[in-house]
Structure formats: structure tokens, C-alpha cells
>>> print(open('protein04.txt').read())   # compact mmCIF, C-alpha atoms
# COMPACT_ATOMS: atom_id res chain seq x y z
CA MET A 1 127.93 88.67 125.82
CA LYS A 2 127.75 87.08 129.23
CA THR A 3 127.66 83.35 129.71
CA SER A 4 126.21 81.55 132.71
CA PRO A 5 125.99 77.96 133.94
CA ARG A 6 122.38 77.93 132.77
CA ALA A 7 123.69 77.91 129.17
CA LEU A 8 124.77 74.29 129.65
CA PRO A 9 122.56 71.80 127.78
CA PRO A 10 119.79 70.55 130.09
CA GLY A 11 120.44 66.98 129.00
CA LEU A 12 124.05 67.22 130.15
CA LEU A 13 123.00 68.50 133.56
CA ILE A 14 120.50 65.65 133.96
CA VAL A 15 123.08 63.01 132.98
CA GLY A 16 125.53 64.54 135.45
CA ALA A 17 122.94 64.50 138.24
CA VAL A 18 122.05 60.86 137.57
CA CYS A 19 125.68 59.73 137.43
CA PHE A 20 126.53 61.57 140.64
CA THR A 21 123.55 60.03 142.45
CA VAL A 22 124.29 56.46 141.35
CA PHE A 23 127.98 56.65 142.23
CA ALA A 24 127.28 58.39 145.55
CA TRP A 25 124.81 55.72 146.62
CA ALA A 26 127.17 52.97 145.53
CA SER A 27 130.02 54.50 147.49
CA ALA A 28 127.82 54.57 150.61
CA PHE A 29 127.93 50.79 150.94
CA VAL A 30 131.73 50.83 150.86
CA SER A 31 131.99 53.71 153.34
CA ILE A 32 129.59 52.00 155.75
CA ARG A 33 131.68 48.84 155.61
CA SER A 34 134.84 50.84 156.32
CA ALA A 35 133.49 53.11 159.07
CA GLY A 36 131.62 50.20 160.67
CA ALA A 37 134.91 48.75 161.89
CA ALA A 38 135.23 51.67 164.35
CA TYR A 39 131.63 52.74 164.98
CA SER A 40 128.69 50.73 166.25
CA PRO A 41 125.60 50.66 164.00
CA GLY A 42 123.57 53.18 166.00
CA ALA A 43 126.44 55.62 166.53
CA LEU A 44 127.35 55.52 162.83
CA ALA A 45 123.72 56.16 161.88
CA LEU A 46 123.45 59.14 164.23
CA GLY A 47 126.75 60.65 163.07
CA ARG A 48 125.75 60.26 159.42
CA LEU A 49 122.33 61.83 159.96
CA LEU A 50 123.76 64.72 161.99
CA ALA A 51 126.13 65.58 159.13
CA ALA A 52 123.33 65.27 156.58
CA SER A 53 120.96 67.38 158.68
CA LEU A 54 123.53 70.17 158.94
CA VAL A 55 123.88 70.33 155.16
CA LEU A 56 120.14 70.07 154.47
CA VAL A 57 119.18 72.71 157.05
CA THR A 58 121.78 75.02 155.52
CA LEU A 59 120.17 74.48 152.10
CA LEU A 60 116.74 75.19 153.60
CA LEU A 61 117.96 78.48 155.03
CA LEU A 62 119.68 79.49 151.80
CA ARG A 63 116.53 78.76 149.80
CA ARG A 64 114.33 80.31 152.50
CA GLU A 65 112.04 77.30 152.68
CA GLY A 66 110.18 77.15 155.98
CA LEU A 67 108.33 74.41 157.82
CA PRO A 68 106.59 71.77 155.71
CA PRO A 69 102.80 72.04 155.28
CA ARG A 70 100.65 70.20 157.79
CA GLY A 71 99.58 67.62 155.22
CA ALA A 72 103.18 66.50 154.70
CA ARG A 73 104.08 65.96 158.34
CA ARG A 74 102.70 62.45 158.81
CA GLY A 75 104.67 61.15 155.83
CA ILE A 76 107.78 63.01 156.98
CA LEU A 77 107.66 61.47 160.46
CA LEU A 78 107.03 57.94 159.22
CA SER A 79 109.68 58.06 156.51
CA GLY A 80 112.10 59.73 158.89
CA PHE A 81 111.76 57.15 161.64
CA VAL A 82 111.53 54.07 159.40
CA TRP A 83 113.70 55.00 156.42
CA PHE A 84 116.30 57.49 157.58
CA GLY A 85 116.52 55.98 161.06
CA GLY A 86 115.59 52.29 160.88
CA TYR A 87 117.06 51.60 157.45
CA THR A 88 120.38 53.22 158.34
CA VAL A 89 120.81 51.30 161.60
CA ALA A 90 119.81 47.97 160.05
CA LEU A 91 122.14 48.42 157.08
CA ASN A 92 125.05 49.48 159.30
CA TRP A 93 124.54 46.37 161.41
CA GLY A 94 124.09 44.11 158.40
CA GLU A 95 127.30 45.33 156.78
CA ARG A 96 129.27 44.27 159.84
CA LEU A 97 128.30 40.69 158.97
CA VAL A 98 128.27 40.61 155.15
CA ASP A 99 130.43 42.31 152.53
CA ALA A 100 129.41 45.56 150.85
CA GLY A 101 128.59 43.93 147.50
CA THR A 102 126.26 41.36 149.03
CA ALA A 103 124.52 44.05 151.09
CA SER A 104 123.86 46.19 148.02
CA LEU A 105 122.49 43.21 146.10
CA LEU A 106 120.04 42.39 148.89
CA VAL A 107 118.92 45.98 149.50
CA ASN A 108 118.13 46.35 145.80
CA THR A 109 115.10 44.11 146.25
CA GLY A 110 113.52 47.27 147.64
CA PRO A 111 111.68 48.33 144.45
CA ILE A 112 109.61 45.13 144.50
CA LEU A 113 108.68 45.63 148.14
CA MET A 114 107.70 49.21 147.34
CA ALA A 115 105.40 48.07 144.56
CA LEU A 116 103.70 45.64 146.96
CA LEU A 117 103.16 48.35 149.56
CA ALA A 118 101.99 50.80 146.91
CA ALA A 119 99.43 48.27 145.68
CA ARG A 120 98.14 47.71 149.19
CA LEU A 121 98.24 51.26 150.54
CA LEU A 122 98.03 53.50 147.48
CA GLY A 123 95.82 51.35 145.26
CA GLU A 124 98.36 50.82 142.49
CA ALA A 125 98.17 47.83 140.13
CA LEU A 126 99.89 44.52 140.90
CA PRO A 127 100.49 43.00 137.44
CA PRO A 128 101.63 39.41 136.78
CA ARG A 129 105.16 40.52 135.86
CA LEU A 130 105.53 41.95 139.35
CA LEU A 131 104.55 38.66 140.96
CA THR A 132 107.03 36.84 138.69
CA GLY A 133 109.78 39.26 139.61
CA MET A 134 109.03 38.82 143.31
CA ALA A 135 109.39 35.06 142.98
CA VAL A 136 112.74 35.38 141.19
CA SER A 137 114.08 37.81 143.77
CA PHE A 138 112.92 35.61 146.64
CA VAL A 139 114.84 32.67 145.17
CA GLY A 140 117.87 34.94 144.85
CA ALA A 141 117.64 35.98 148.50
CA VAL A 142 117.45 32.31 149.53
CA VAL A 143 120.55 31.52 147.43
CA VAL A 144 122.45 34.40 149.03
CA GLY A 145 121.43 33.20 152.49
CA LEU A 146 122.54 29.62 151.77
CA SER A 147 125.85 30.75 150.29
CA MET A 148 126.60 32.98 153.27
CA SER A 149 125.81 30.20 155.76
CA SER A 150 127.71 27.45 153.94
CA GLY A 151 130.88 27.86 155.96
CA GLY A 152 132.13 29.07 159.35
CA ASP A 153 129.63 30.53 161.74
CA GLY A 154 126.54 30.31 159.56
CA SER A 155 124.18 31.95 162.03
CA THR A 156 126.10 35.22 161.94
CA SER A 157 126.01 35.34 158.14
CA VAL A 158 122.32 34.55 158.05
CA LEU A 159 121.73 37.37 160.53
CA GLY A 160 123.60 39.73 158.22
CA VAL A 161 121.42 38.72 155.27
CA ALA A 162 118.28 39.14 157.39
CA LEU A 163 119.36 42.62 158.51
CA CYS A 164 120.00 43.71 154.90
CA LEU A 165 116.55 42.44 153.90
CA LEU A 166 115.07 44.27 156.90
CA ALA A 167 116.82 47.40 155.63
CA ALA A 168 115.18 46.86 152.23
CA VAL A 169 111.76 46.61 153.93
CA ALA A 170 112.40 49.82 155.91
CA TYR A 171 113.59 51.57 152.76
CA ALA A 172 110.49 50.52 150.81
CA THR A 173 108.15 51.49 153.65
CA GLY A 174 109.77 54.90 153.99
CA VAL A 175 109.52 55.70 150.29
CA VAL A 176 105.83 54.75 150.12
CA ALA A 177 105.13 56.81 153.26
CA GLN A 178 107.01 59.77 151.82
CA LYS A 179 105.28 59.73 148.42
CA PRO A 180 102.00 61.41 149.54
CA ALA A 181 103.99 64.05 151.43
CA LEU A 182 105.62 65.19 148.19
CA SER A 183 102.26 66.51 146.99
CA PHE A 184 102.26 69.02 149.87
CA GLY A 185 105.87 70.17 150.22
CA THR A 186 108.99 70.64 148.11
CA PRO A 187 111.48 67.77 147.69
CA LEU A 188 114.04 69.67 149.76
CA GLN A 189 111.55 70.22 152.58
CA ILE A 190 110.45 66.60 152.64
CA THR A 191 114.02 65.29 152.51
CA ALA A 192 115.40 67.71 155.11
CA TYR A 193 112.65 67.23 157.68
CA SER A 194 112.61 63.46 157.15
CA CYS A 195 116.33 63.48 157.86
CA LEU A 196 115.76 65.55 161.01
CA ALA A 197 113.10 63.07 162.15
CA GLY A 198 115.51 60.19 161.56
CA THR A 199 118.18 62.04 163.52
CA ALA A 200 115.78 62.45 166.43
CA ALA A 201 114.96 58.73 166.30
CA CYS A 202 118.68 57.91 166.59
CA LEU A 203 119.37 60.24 169.53
CA PRO A 204 119.36 57.30 172.00
CA PHE A 205 122.71 56.36 170.41
CA ALA A 206 124.24 59.75 171.30
CA GLY A 207 126.13 58.30 174.25
CA GLN A 208 127.73 55.65 172.05
CA LEU A 209 128.71 58.24 169.44
CA VAL A 210 130.31 60.53 172.03
CA ALA A 211 132.25 57.60 173.50
CA GLU A 212 133.41 56.22 170.14
CA VAL A 213 134.51 59.42 168.37
CA PRO A 214 137.72 59.89 170.45
CA ARG A 215 138.74 56.25 169.92
CA ALA A 216 137.92 56.01 166.22
CA PRO A 217 140.62 56.58 163.60
CA LEU A 218 140.31 59.77 161.57
CA SER A 219 139.56 57.78 158.40
CA ALA A 220 136.46 56.21 159.98
CA THR A 221 135.17 59.58 161.19
CA LEU A 222 135.74 61.11 157.76
CA ASN A 223 133.82 58.20 156.21
CA MET A 224 130.95 58.89 158.60
CA VAL A 225 130.87 62.58 157.65
CA TYR A 226 131.13 61.66 153.97
CA LEU A 227 128.09 59.38 154.33
CA GLY A 228 126.04 62.27 155.66
CA VAL A 229 127.20 64.94 153.23
CA VAL A 230 127.47 63.11 149.90
CA PRO A 231 125.24 59.98 149.68
CA THR A 232 122.55 61.41 151.99
CA ALA A 233 122.32 65.20 151.58
CA LEU A 234 123.82 65.95 148.15
CA ALA A 235 122.73 62.77 146.35
CA PHE A 236 119.11 63.27 147.43
CA THR A 237 119.30 66.76 145.94
CA THR A 238 120.68 65.60 142.59
CA TRP A 239 118.12 62.77 142.51
CA THR A 240 115.18 65.13 142.91
CA TYR A 241 116.67 67.45 140.28
CA ALA A 242 116.76 64.60 137.76
CA LEU A 243 113.37 63.23 138.84
CA ALA A 244 111.73 66.55 137.98
CA ARG A 245 113.16 66.48 134.46
CA MET A 246 112.87 62.90 133.13
CA PRO A 247 110.39 59.99 133.26
CA ALA A 248 110.34 58.40 136.70
CA GLY A 249 110.52 54.82 135.45
CA LYS A 250 113.54 55.53 133.27
CA LEU A 251 115.33 57.27 136.14
CA GLY A 252 114.55 54.43 138.57
CA ALA A 253 116.13 51.91 136.18
CA THR A 254 119.50 53.66 136.52
CA THR A 255 119.84 52.39 140.09
CA TYR A 256 120.22 48.82 138.87
CA ALA A 257 123.85 49.80 138.23
CA VAL A 258 124.48 50.43 141.93
CA PRO A 259 125.34 46.83 143.00
CA ALA A 260 127.81 46.38 140.14
CA ILE A 261 129.58 49.62 141.12
CA VAL A 262 129.57 48.55 144.77
CA VAL A 263 131.21 45.21 143.95
CA LEU A 264 133.87 47.02 141.90
CA LEU A 265 134.54 49.64 144.59
CA SER A 266 134.63 47.09 147.42
CA TRP A 267 137.08 44.97 145.41
CA ILE A 268 139.38 47.96 144.76
CA LEU A 269 139.12 49.67 148.16
CA LEU A 270 138.34 46.85 150.60
CA GLY A 271 139.61 43.73 148.85
CA GLU A 272 136.14 42.15 149.07
CA VAL A 273 134.64 40.06 146.29
CA PRO A 274 131.45 38.03 146.89
CA ALA A 275 131.71 34.27 146.31
CA TRP A 276 130.31 33.10 142.98
CA LEU A 277 127.21 31.57 144.58
CA THR A 278 126.53 34.76 146.53
CA LEU A 279 126.96 36.77 143.33
CA LEU A 280 124.58 34.43 141.50
CA GLY A 281 121.94 34.89 144.18
CA GLY A 282 122.38 38.64 144.07
CA LEU A 283 122.03 38.67 140.29
CA LEU A 284 118.78 36.71 140.67
CA CYS A 285 117.56 39.37 143.09
CA LEU A 286 118.29 42.07 140.55
CA ALA A 287 116.82 40.01 137.70
CA GLY A 288 113.59 39.79 139.67
CA VAL A 289 113.55 43.56 140.10
CA ALA A 290 114.20 44.05 136.37
CA VAL A 291 111.39 41.65 135.42
CA SER A 292 108.95 43.35 137.76
CA ARG A 293 109.80 46.81 136.43
CA TYR A 294 109.89 45.90 132.71
CA ARG A 295 107.37 47.60 130.46
CA PRO A 296 107.10 47.17 126.68
CA ARG A 297 108.11 50.33 124.83
CA ALA A 298 104.71 50.63 123.17
CA ARG A 299 102.99 50.78 126.55
CA GLU A 300 105.51 53.32 127.85
CA ASP A 301 104.87 55.58 124.88
CA SER A 302 101.09 55.36 125.21
CA GLY A 303 100.76 55.16 128.98
CA ALA A 304 103.36 57.84 129.81
CA LEU A 305 103.59 58.57 133.51
CA ALA A 306 100.23 57.01 134.30
CA ASP A 307 101.75 53.56 133.76
CA VAL A 308 104.73 54.20 136.03
CA PRO A 309 104.10 53.71 139.75
CA ALA A 310 105.61 56.73 141.41
CA PRO A 311 106.80 54.99 144.61
CA GLY A 312 108.85 52.58 142.50
CA ALA A 313 110.37 55.56 140.78
CA ALA A 314 111.52 57.01 144.06
CA ALA A 315 112.87 53.62 145.01
CA ALA A 316 116.50 54.30 144.60
CA ARG A 317 116.51 57.25 146.94
CA GLY A 318 117.13 55.15 150.01
CA ARG A 319 120.96 54.73 150.13
>>> encode(input="protein04.txt", output="C-alpha cells")
Amino acid sequence: MKTSPRALPPGLLIVGAVCFTVFAWASAFVSIRSAGAAYSPGALALGRLLAASLVLVTLLLLRREGLPPRGARRGILLSGFVWFGGYTVALNWGERLVDAGTASLLVNTGPILMALLAARLLGEALPPRLLTGMAVSFVGAVVVGLSMSSGGDGSTSVLGVALCLLAAVAYATGVVAQKPALSFGTPLQITAYSCLAGTAACLPFAGQLVAEVPRAPLSATLNMVYLGVVPTALAFTTWTYALARMPAGKLGATTYAVPAIVVLLSWILLGEVPAWLTLLGGLLCLAGVAVSRYRPRAREDSGALADVPAPGAAAARGR
């Protein structure tokens, strides 16, 4: 009797996909911090997106998926320019000024921003727990900003915090823009063409990339390629695989582990540990997200997917 990979328990495949996605996105913050020492923010973004586009276009050809339907193109362009392009450049710049752990803590305010945009643009509910969570996360962001500006050149640190928060806004905007497009095209189509749009938006940095590649150490270039292949192309694929097979809200909650993994990886690989006040502010940011996303089990069982805002579910896709 023949055996095939399909004989593996579906639950095991889902757990593997989730774990891969979370660790890949966490590793992205560390790789950005490392590669950012040799590449400018725009050049690093373009190099990452070029590598990701190559992988995603190859997957499109292998699966014989053509151009996205017309109804998906507006969302693809907006998410590509704002999320894949703007988010990547802002985060690369921000991580030159703050450590990887702090950046991940700040960017993980994104789910709250998504819920706000979804309420305004998609007509989703804005319950009291969301407003409470927003307030807690705002206090956390203020604490992080104060801790980063408490010594040395404070203005630079504050700029780094602001850039990471700008990245969170771009990430949230891109996810909400991409959500309607998913009703027209496949996840691979939407992801691949959004990545291509982001690559096009970063083409003005091509001159910087060409000039910096010969001077950059091999390790930095490998980090740049890794960012495109693993956290961008492959992790998006494993995320959509898991999203199709488990409740969106439950899957979105797994990304709360990302900042903790980032702090651990940046400590081991980069020797970076956020100060205790910075860590406290970051934990407040995450606590606000957790409060805003909390739903009593009874409501989850009765409300099913109708009670879970889809854009919030896709929240974690933006690393």
C-alpha cells in the first residue's frame, strides 16, 4: 500500500504551518536589524521584495494561476504600495534607531488599528473592549517613547518609535485594503501581485541597491534574500494555508507570541535586550491588543465566524 504526505494528520500540518509562520515573522525583525547595518532602508526593502517576487511568481507559474480578477486589482495596488512598500521601508528605517524587540512590540499594535479602519471602512462593530484596548496600547506606546528618549540623543530614539508606529499604520491599512480583494482572487494571487506592486513602488531605490550590494558583507546580503524568501514569500503561503483551515480569530491570536520570540532571538543573535521600562511599555501595547481581541468562549461558540472581524484575523500577515 502506498503512503503519501497527504496521510499526515491535518491538525499536525496546521500546527506546523502556524509555528513556521510565527517563527518566520519573528526572525524578520532580527534579520532587518542585522542587514540594516549595511543596506539603507529603501535598498533593503527593494532587495527583499525582489527576492519575494521571484519566489511568488515561480509559485504562480507552477500553479498556473493567471492575472487577478479586475475586482481584486484596486485592493492589490493599495496593499502593495502601502503595506509591502511603505511598511517595509518604514520598518527598515525604524529598526536602525530602535532594537528589534522594541520594534516588534510597537508594530504589534497593528491589530487594533486594523479594527478601527475596518469599523470605518468596512462597517464592522467597534465594541467597548476595543476602545479599552486602544487606550491601554496608546499608554504603552507613550511609555516606550519616553523610555527610548530618556538618555542620549532622545530625538533619534523618538523618531525610531514614530517610524515603527507608522509601519503599524501602513500594515493595518494594507490588510484592510487587501481584505475585499480576497473575495475575487486566490490568496496566492493577491499576495504575489501585492508584492509585485510593492516592488514597483520601491524601484526608485534601485540605484541605492545597485551601489550598496558590492560593498555589503555577504551576511547582510544573505539576510536580505532570507527576508524575501522566508518571512515574505513562504510565511505568507503557510499563513493562508492555516487560515483556510481554522477559525480566523484563533489563528490571529498566535501572533501575540511574535514579540517574545523576537526579544529572545535578538538577545541570542544580536546581544540586544530592551530596557525594563521599554519592555513594560511594549507589554502594555500587547495587553491592549489582547483586551481588544478578547471574546468570551460562549460568544465564540455561538457567534462563530460572524463575530470575528476578518481584517483583524489577517492582521499578523504583515511581517
>>> closest_residue(input="protein04.txt", among="A:Leu280, A:Leu188, A:Ala242, A:Val15", to="Arg63 of chain A", atoms="all atoms listed in the file")
A:Leu188
>>> closest_residue(input="protein04.txt", among="A:Ala290, A:Arg129, A:Val176, A:Tyr241", to="Ile14 of chain A", atoms="all atoms listed in the file")
A:Tyr241
>>> atom_distance(input="protein04.txt", atom1="atom CA of Thr278 of chain A", atom2="atom CA of Pro41 of chain A")
23.6 Å
>>> residues_around(input="protein04.txt", residues="Leu77 of chain A", least_positions_apart="3", cutoff="9 Å", atoms="all atoms listed in the file", output="list in words")
Ala72, Arg73, Arg74, Gly80, Phe81, Val82, Ala177, Gln178, Tyr193, Ser194, Ala197 and Gly198 of chain A
>>> closest_residue(input="protein04.txt", among="A:Pro231, A:Pro180, A:Gly140, A:Gly94", to="Gly282 of chain A", atoms="only C-alpha atoms")
A:Gly140
>>> closest_residue(input="protein04.txt", among="A:Ala26, A:Gly11, A:Ala38, A:Val139", to="Asn223 of chain A", atoms="only C-alpha atoms")
A:Ala38
>>> residues_near_point(input="protein04.txt", point="(128.4, 58.9, 169.3)", cutoff="8 Å", atoms="only C-alpha atoms", output="NGL selection string")
:A and (43-44 or 46-47 or 205-213)
>>> atom_distance(input="protein04.txt", atom1="atom CA of Asn92 of chain A", atom2="atom CA of Leu113 of chain A")
20.2 Å
>>> residues_around(input="protein04.txt", residues="Leu105 of chain A", least_positions_apart="4", cutoff="8 Å", atoms="only C-alpha atoms", output="CSV table (one decimal) with C-alpha atoms, in the coordinates of the input")
chain,number,residue,atom,x,y,z
A,101,GLY,CA,128.6,43.9,147.5
A,109,THR,CA,115.1,44.1,146.2
A,259,PRO,CA,125.3,46.8,143.0
A,282,GLY,CA,122.4,38.6,144.1
A,283,LEU,CA,122.0,38.7,140.3
A,285,CYS,CA,117.6,39.4,143.1
A,286,LEU,CA,118.3,42.1,140.6
>>> closest_residue(input="protein04.txt", among="A:Met224, A:Leu277, A:Ala287, A:Val89", to="Ala168 of chain A", atoms="all atoms listed in the file")
A:Val89
>>> atom_distance(input="protein04.txt", atom1="atom CA of Gln189 of chain A", atom2="atom CA of Tyr39 of chain A")
29.4 Å
>>> residues_around(input="protein04.txt", residues="Ile261 of chain A", least_positions_apart="6", cutoff="10 Å", atoms="only C-alpha atoms", output="list in words")
Val22, Phe23, Trp25, Ala26, Ser27, Gly101, Ser104 and Trp267 of chain A
>>> closest_residue(input="protein04.txt", among="A:Leu91, A:Leu59, A:Cys195, A:Ala51", to="Leu78 of chain A", atoms="only C-alpha atoms")
A:Cys195
>>> residues_near_point(input="protein04.txt", point="(120.1, 67.4, 151.2)", cutoff="9 Å", atoms="only C-alpha atoms", output="count of residues only")
22
>>> build_atoms(input="protein04.txt", residues="segment 277-288 of chain A", atoms="all heavy atoms", output="mmCIF file, in the frame of the given file")
data_model
loop_
_atom_site.group_PDB
_atom_site.id
_atom_site.type_symbol
_atom_site.label_atom_id
_atom_site.label_comp_id
_atom_site.auth_asym_id
_atom_site.auth_seq_id
_atom_site.Cartn_x
_atom_site.Cartn_y
_atom_site.Cartn_z
ATOM 1 N N LEU A 277 128.589 31.918 144.281
ATOM 2 C CA LEU A 277 127.210 31.570 144.580
ATOM 3 C C LEU A 277 126.454 32.759 145.167
ATOM 4 O O LEU A 277 125.277 32.986 144.843
ATOM 5 C CB LEU A 277 127.174 30.387 145.567
ATOM 6 C CG LEU A 277 125.784 29.779 145.843
ATOM 7 C CD1 LEU A 277 125.148 29.290 144.558
ATOM 8 C CD2 LEU A 277 125.888 28.634 146.859
ATOM 9 N N THR A 278 127.140 33.542 145.996
ATOM 10 C CA THR A 278 126.530 34.760 146.530
ATOM 11 C C THR A 278 126.218 35.736 145.397
ATOM 12 O O THR A 278 125.146 36.352 145.352
ATOM 13 C CB THR A 278 127.484 35.431 147.533
ATOM 14 O OG1 THR A 278 127.815 34.504 148.564
ATOM 15 C CG2 THR A 278 126.852 36.670 148.145
ATOM 16 N N LEU A 279 127.170 35.878 144.468
ATOM 17 C CA LEU A 279 126.960 36.770 143.330
ATOM 18 C C LEU A 279 125.805 36.300 142.469
ATOM 19 O O LEU A 279 124.989 37.104 142.004
ATOM 20 C CB LEU A 279 128.243 36.850 142.507
ATOM 21 C CG LEU A 279 128.312 37.938 141.438
ATOM 22 C CD1 LEU A 279 128.120 39.305 142.068
ATOM 23 C CD2 LEU A 279 129.628 37.866 140.683
ATOM 24 N N LEU A 280 125.690 34.971 142.279
ATOM 25 C CA LEU A 280 124.580 34.430 141.500
ATOM 26 C C LEU A 280 123.249 34.749 142.159
ATOM 27 O O LEU A 280 122.286 35.168 141.498
ATOM 28 C CB LEU A 280 124.741 32.906 141.344
ATOM 29 C CG LEU A 280 123.579 32.172 140.653
ATOM 30 C CD1 LEU A 280 123.394 32.682 139.226
ATOM 31 C CD2 LEU A 280 123.826 30.661 140.661
ATOM 32 N N GLY A 281 123.177 34.563 143.476
ATOM 33 C CA GLY A 281 121.940 34.890 144.180
ATOM 34 C C GLY A 281 121.596 36.358 144.082
ATOM 35 O O GLY A 281 120.437 36.731 143.883
ATOM 36 N N GLY A 282 122.623 37.209 144.198
ATOM 37 C CA GLY A 282 122.380 38.640 144.070
ATOM 38 C C GLY A 282 121.905 39.032 142.691
ATOM 39 O O GLY A 282 121.016 39.877 142.529
ATOM 40 N N LEU A 283 122.471 38.398 141.655
ATOM 41 C CA LEU A 283 122.030 38.670 140.290
ATOM 42 C C LEU A 283 120.585 38.231 140.086
ATOM 43 O O LEU A 283 119.826 38.874 139.356
ATOM 44 C CB LEU A 283 122.956 37.973 139.292
ATOM 45 C CG LEU A 283 124.377 38.550 139.202
ATOM 46 C CD1 LEU A 283 125.237 37.693 138.282
ATOM 47 C CD2 LEU A 283 124.340 39.988 138.706
ATOM 48 N N LEU A 284 120.187 37.130 140.736
ATOM 49 C CA LEU A 284 118.780 36.710 140.670
ATOM 50 C C LEU A 284 117.879 37.751 141.329
ATOM 51 O O LEU A 284 116.782 38.039 140.828
ATOM 52 C CB LEU A 284 118.604 35.346 141.346
ATOM 53 C CG LEU A 284 119.076 34.125 140.556
ATOM 54 C CD1 LEU A 284 118.992 32.870 141.422
ATOM 55 C CD2 LEU A 284 118.237 33.944 139.294
ATOM 56 N N CYS A 285 118.338 38.308 142.440
ATOM 57 C CA CYS A 285 117.560 39.370 143.090
ATOM 58 C C CYS A 285 117.333 40.526 142.134
ATOM 59 O O CYS A 285 116.211 41.038 141.987
ATOM 60 C CB CYS A 285 118.291 39.863 144.340
ATOM 61 S SG CYS A 285 118.355 38.688 145.717
ATOM 62 N N LEU A 286 118.396 40.950 141.471
ATOM 63 C CA LEU A 286 118.290 42.070 140.550
ATOM 64 C C LEU A 286 117.477 41.703 139.309
ATOM 65 O O LEU A 286 116.741 42.536 138.765
ATOM 66 C CB LEU A 286 119.681 42.548 140.138
ATOM 67 C CG LEU A 286 120.537 43.141 141.255
ATOM 68 C CD1 LEU A 286 121.860 43.632 140.699
ATOM 69 C CD2 LEU A 286 119.810 44.275 141.949
ATOM 70 N N ALA A 287 117.610 40.452 138.855
ATOM 71 C CA ALA A 287 116.820 40.010 137.700
ATOM 72 C C ALA A 287 115.334 40.075 138.033
ATOM 73 O O ALA A 287 114.511 40.466 137.192
ATOM 74 C CB ALA A 287 117.223 38.600 137.296
ATOM 75 N N GLY A 288 114.978 39.705 139.261
ATOM 76 C CA GLY A 288 113.590 39.790 139.670
ATOM 77 C C GLY A 288 113.080 41.218 139.662
ATOM 78 O O GLY A 288 111.962 41.498 139.223
#
